[in-house]
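Beneath this line is the structure, given in structure tokens, with notes to follow.
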Amino acid sequence: MRALVTGGAGFIGSALVEALVKDDIPTATLDALTYAGSLANLAGVADAESYLFVEADVRNRKAVEALLEAHQPDVIFHLAAETHVDRSIDAPLRTFATNIEGTYEMLAATTAYWSRLGAPARAAFRFVQASSDEVFGSATEGSVFRETSRYNPNSPYAASKASADYLARTWSMSFGLPVIVAHGCNTYGPRQFPEKLVPLMVLNGSEGRGLPIYGTGAQVRDWMHVDDHVSGLRALAARGSPGESYLLGARNPLTNVDIVNRLCLILDRVRPDASPHAQLISHVDDRPGHDHRYVSDPSKAENSLGWSAETDFEAGLAATVKWYLTNGDWCAQTQERYQRERLGLARAAQ
Ligand SMILES: NC(=O)c1ccc[n+]([C@@H]2O[C@H](COP(=O)([O-])OP(=O)(O)OC[C@H]3O[C@@H](n4cnc5c(N)ncnc54)[C@H](O)[C@@H]3O)[C@@H](O)[C@H]2O)c1
């Protein structure tokens, strides 16, 4: 197997690249190194023989084509994206450019490369599209998302991911490219950019800064450790059926306020002098169009791939807190690109 990971300098991408390289799978990473991506995320594999990094935008067709020819992958994990809902509210076009146009460019370049492969290689090839459970909108109380659920995106980010999924499906139907769509759920773990809930709360809490919860904090998300997301993407590449989509869920639905309280309890244990950290919590204006509930039913992936999310949540969360508290240099570098200010209040939407 030879892999190409787009967005490999980001949170999930770097964990995926690390796992593939650790298994001696020749892995090329293509990443534009936006504010969210960093070579520091790939420092653990930088010297490995099976690792190759190319700095390029997924919309740069020539760069993508050159990498495909040079590296000859038989699986592509397309993760490169603008991933923050708040930023997609402030600057929808930037999100659409990478997530929609970028996915189109990846699909078109890949199809040209794939169509030149021999028949066995064409049949074995896989393009794994990293989608999200957010494309389904908000699940009503008592209901869950399934692969058959209707797309109902409510944010520019979700609309862009839904659009990319439609493109991926179209390239599968019209051009025969073996595409598999992965609907991952909310993911946590080391190296997540501090605009996202878990690292934002850990870093703010550890510095005695406020812990702003959007609205009531009653929004429900299914929380999965990044290692489980990675094993799910790999299981899809190995055993998923082309043309199909799969929900990668952890069966771990929790409210935002619950997550923040759990993080505060962990911080109380490791930084008892500053406890109780929960006193730092405040409720701020809700995100416009904030979906209330994302809950996935991952039965299809569990039954047909033999995959399931395995990380114990309490242990995974405690290890994640410890990672941020012991990687001060990494956290300081992100601070140069983002000072943890509030984004996405729809004031600047174009
Ligand atoms: N984090 C989650 O909870 C979650 C859940 C479900 C699905 N996903 C999906 O998984 C994928 C990875 O998410 P993440 O959390 O690791 O994101 P991230 O924001 O941490 O990383 C995104 C990476 O993409 C790169 N990138 C952005 N625009 C690019 C462009 N135009 N060309 C090349 N590279 C570009 C960035 O430099 C960065 O390294 C995304 O497609 C996201 O939609 C994420």
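Each chain in the structure tokens gets a letter, A, B, ..., in the order shown, and its residues are numbered from 1; ligands are numbered from 1 in order too.
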
Need to verify the contact set: segment 153-169 of chain A, 9 Å, only C-alpha atoms, exclusion of same-chain residues closer than 4 positions in sequence. Can you return it as JSON, numbers by chain? {"A": [81, 82, 83, 84, 85, 86, 87, 88, 89, 91, 92, 93, 95, 96, 97, 98, 99, 100, 101, 102, 103, 104, 107, 127, 129, 130, 131, 132, 133, 134, 135, 136, 137, 138, 173, 174, 177, 179, 180, 181, 243, 244, 288, 289, 290, 291]}

Expected answer as a ChimeraX atom specification: strand (DSSP E) residues in segment 179-232 of chain A: /A:179-184,186-188,211-214,220-225

Neighbouring residues of ligand 1 are defined here as those with any atom at most 6 Å from a ligand atom, counting only C-alpha atoms and all ligand atoms; list them as a tab-separated table (two decimals) with C-alpha atoms, in the first residue's frame.
```
chain	number	residue	atom	x	y	z
A	7	GLY	CA	-4.37	17.92	5.25
A	8	GLY	CA	-1.75	15.73	6.93
A	9	ALA	CA	-0.28	18.64	8.91
A	10	GLY	CA	-3.57	19.14	10.75
A	11	PHE	CA	-5.08	17.44	13.78
A	12	ILE	CA	-6.55	14.19	12.42
A	13	GLY	CA	-4.29	14.15	9.36
A	31	ASP	CA	-0.81	20.34	2.96
A	32	ALA	CA	-0.95	24.10	2.39
A	33	LEU	CA	0.12	24.81	5.99
A	34	THR	CA	-2.69	27.24	6.74
A	36	ALA	CA	-4.42	25.18	11.26
A	37	GLY	CA	-1.56	23.12	9.87
A	56	ALA	CA	0.82	22.77	-1.71
A	57	ASP	CA	-2.79	23.79	-1.92
A	58	VAL	CA	-5.26	21.06	-2.92
A	79	LEU	CA	-8.73	15.45	4.82
A	80	ALA	CA	-7.54	18.94	3.79
A	81	ALA	CA	-10.25	21.40	4.72
A	82	GLU	CA	-11.19	24.60	6.48
A	83	THR	CA	-12.68	22.95	9.54
A	98	THR	CA	-10.89	24.75	-0.03
A	130	ALA	CA	-13.32	12.76	5.15
A	131	SER	CA	-16.80	14.14	5.68
A	132	SER	CA	-18.58	15.00	8.90
A	184	GLY	CA	-16.68	11.32	11.40
A	185	CYS	CA	-18.12	12.73	14.63
A	186	ASN	CA	-16.60	15.30	17.04
A	187	THR	CA	-13.01	14.30	17.57
A	192	GLN	CA	-6.08	19.88	17.84
A	193	PHE	CA	-5.99	23.59	17.05
```

Residues at most 12 Å from Met201 of chain A, counting only C-alpha atoms, excluding those fewer than 4 positions away in the same chain, as a PyMOL selection string? chain A and resi 192-197+205-213+256-257+259-267+277-278+280-282+320-321+324-325+340

Just list the residues in segment 32-134 of chain A DSSP gives alpha helix (DSSP H) on the backbone, as a PyMOL selection string. chain A and resi 61-71+85-90+92-96+102-115+119-124

Residues near Glu49 of chain A, anyone? I mean within 12 Å using only C-alpha atoms, not counting same-chain ones fewer than 6 positions away, as a VMD selection string. chain A and resid 21 to 28

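Using only C-alpha atoms, the nearest neighbour of His225 of chain A within the list A:Leu117, A:Leu68, A:Leu39, A:Val198 is A:Val198.
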
List the neighbours of segment 123-126 of chain A out to 12 Å using only C-alpha atoms; skip same-chain residues closer than 2 positions along the sequence, and give me the result as a PyMOL selection string. chain A and resi 1-4+72-78+107+110-111+113-121+128-129+168+172+176-181+233-244

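One distance worth recording is that between atom CA of Ala250 of chain A and atom CA of Ala309 of chain A, which is 5.2 Å.
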
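Going from atom CA of Ala19 of chain A to atom CA of Tyr51 of chain A covers 11.2 Å.
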
Could you pull the residues within 12 Å of Ser299 of chain A, counting only C-alpha atoms, minus those fewer than 2 positions along the same chain, as an MDAnalysis selection string? chainID A and resid 144:147 246:251 296:297 301:309

Any idea what's packed within 9 Å of Tyr35 of chain A, counting only C-alpha atoms, ignoring anything in its chain fewer than 4 positions away? Could you give it as number ranges by chain? A: 193, 334, 337-338

Next, write the just-selected residues to a file, as an mmCIF file, in the first residue's frame, keeping all heavy atoms as the atom set.
```
data_model
loop_
_atom_site.group_PDB
_atom_site.id
_atom_site.type_symbol
_atom_site.label_atom_id
_atom_site.label_comp_id
_atom_site.auth_asym_id
_atom_site.auth_seq_id
_atom_site.Cartn_x
_atom_site.Cartn_y
_atom_site.Cartn_z
ATOM 1 N N PHE A 193 -6.212 22.138 16.988
ATOM 2 C CA PHE A 193 -5.992 23.590 17.049
ATOM 3 C C PHE A 193 -6.909 24.204 18.110
ATOM 4 O O PHE A 193 -8.105 23.871 18.170
ATOM 5 C CB PHE A 193 -6.243 24.224 15.673
ATOM 6 C CG PHE A 193 -5.634 25.589 15.560
ATOM 7 C CD1 PHE A 193 -4.269 25.750 15.387
ATOM 8 C CD2 PHE A 193 -6.428 26.717 15.668
ATOM 9 C CE1 PHE A 193 -3.698 27.020 15.313
ATOM 10 C CE2 PHE A 193 -5.868 27.992 15.594
ATOM 11 C CZ PHE A 193 -4.499 28.141 15.417
ATOM 12 N N THR A 334 0.823 27.931 18.435
ATOM 13 C CA THR A 334 -0.540 28.165 17.921
ATOM 14 C C THR A 334 -1.016 29.553 18.317
ATOM 15 O O THR A 334 -1.749 30.208 17.593
ATOM 16 C CB THR A 334 -1.544 27.120 18.445
ATOM 17 O OG1 THR A 334 -1.662 27.259 19.857
ATOM 18 C CG2 THR A 334 -1.150 25.711 18.069
ATOM 19 N N ARG A 337 -0.721 32.338 15.995
ATOM 20 C CA ARG A 337 -1.660 32.395 14.857
ATOM 21 C C ARG A 337 -3.095 32.640 15.305
ATOM 22 O O ARG A 337 -3.964 32.947 14.507
ATOM 23 C CB ARG A 337 -1.580 31.086 14.056
ATOM 24 C CG ARG A 337 -0.134 30.719 13.722
ATOM 25 C CD ARG A 337 0.022 29.639 12.703
ATOM 26 N NE ARG A 337 -0.455 28.330 13.044
ATOM 27 C CZ ARG A 337 0.226 27.403 13.715
ATOM 28 N NH1 ARG A 337 1.434 27.659 14.165
ATOM 29 N NH2 ARG A 337 -0.291 26.223 13.943
ATOM 30 N N TYR A 338 -3.347 32.473 16.579
ATOM 31 C CA TYR A 338 -4.720 32.651 17.092
ATOM 32 C C TYR A 338 -4.644 32.870 18.597
ATOM 33 O O TYR A 338 -4.086 32.045 19.331
ATOM 34 C CB TYR A 338 -5.552 31.397 16.756
ATOM 35 C CG TYR A 338 -6.913 31.360 17.414
ATOM 36 C CD1 TYR A 338 -7.838 32.372 17.197
ATOM 37 C CD2 TYR A 338 -7.273 30.290 18.237
ATOM 38 C CE1 TYR A 338 -9.088 32.337 17.795
ATOM 39 C CE2 TYR A 338 -8.522 30.239 18.835
ATOM 40 C CZ TYR A 338 -9.413 31.262 18.603
ATOM 41 O OH TYR A 338 -10.658 31.217 19.203
#
```
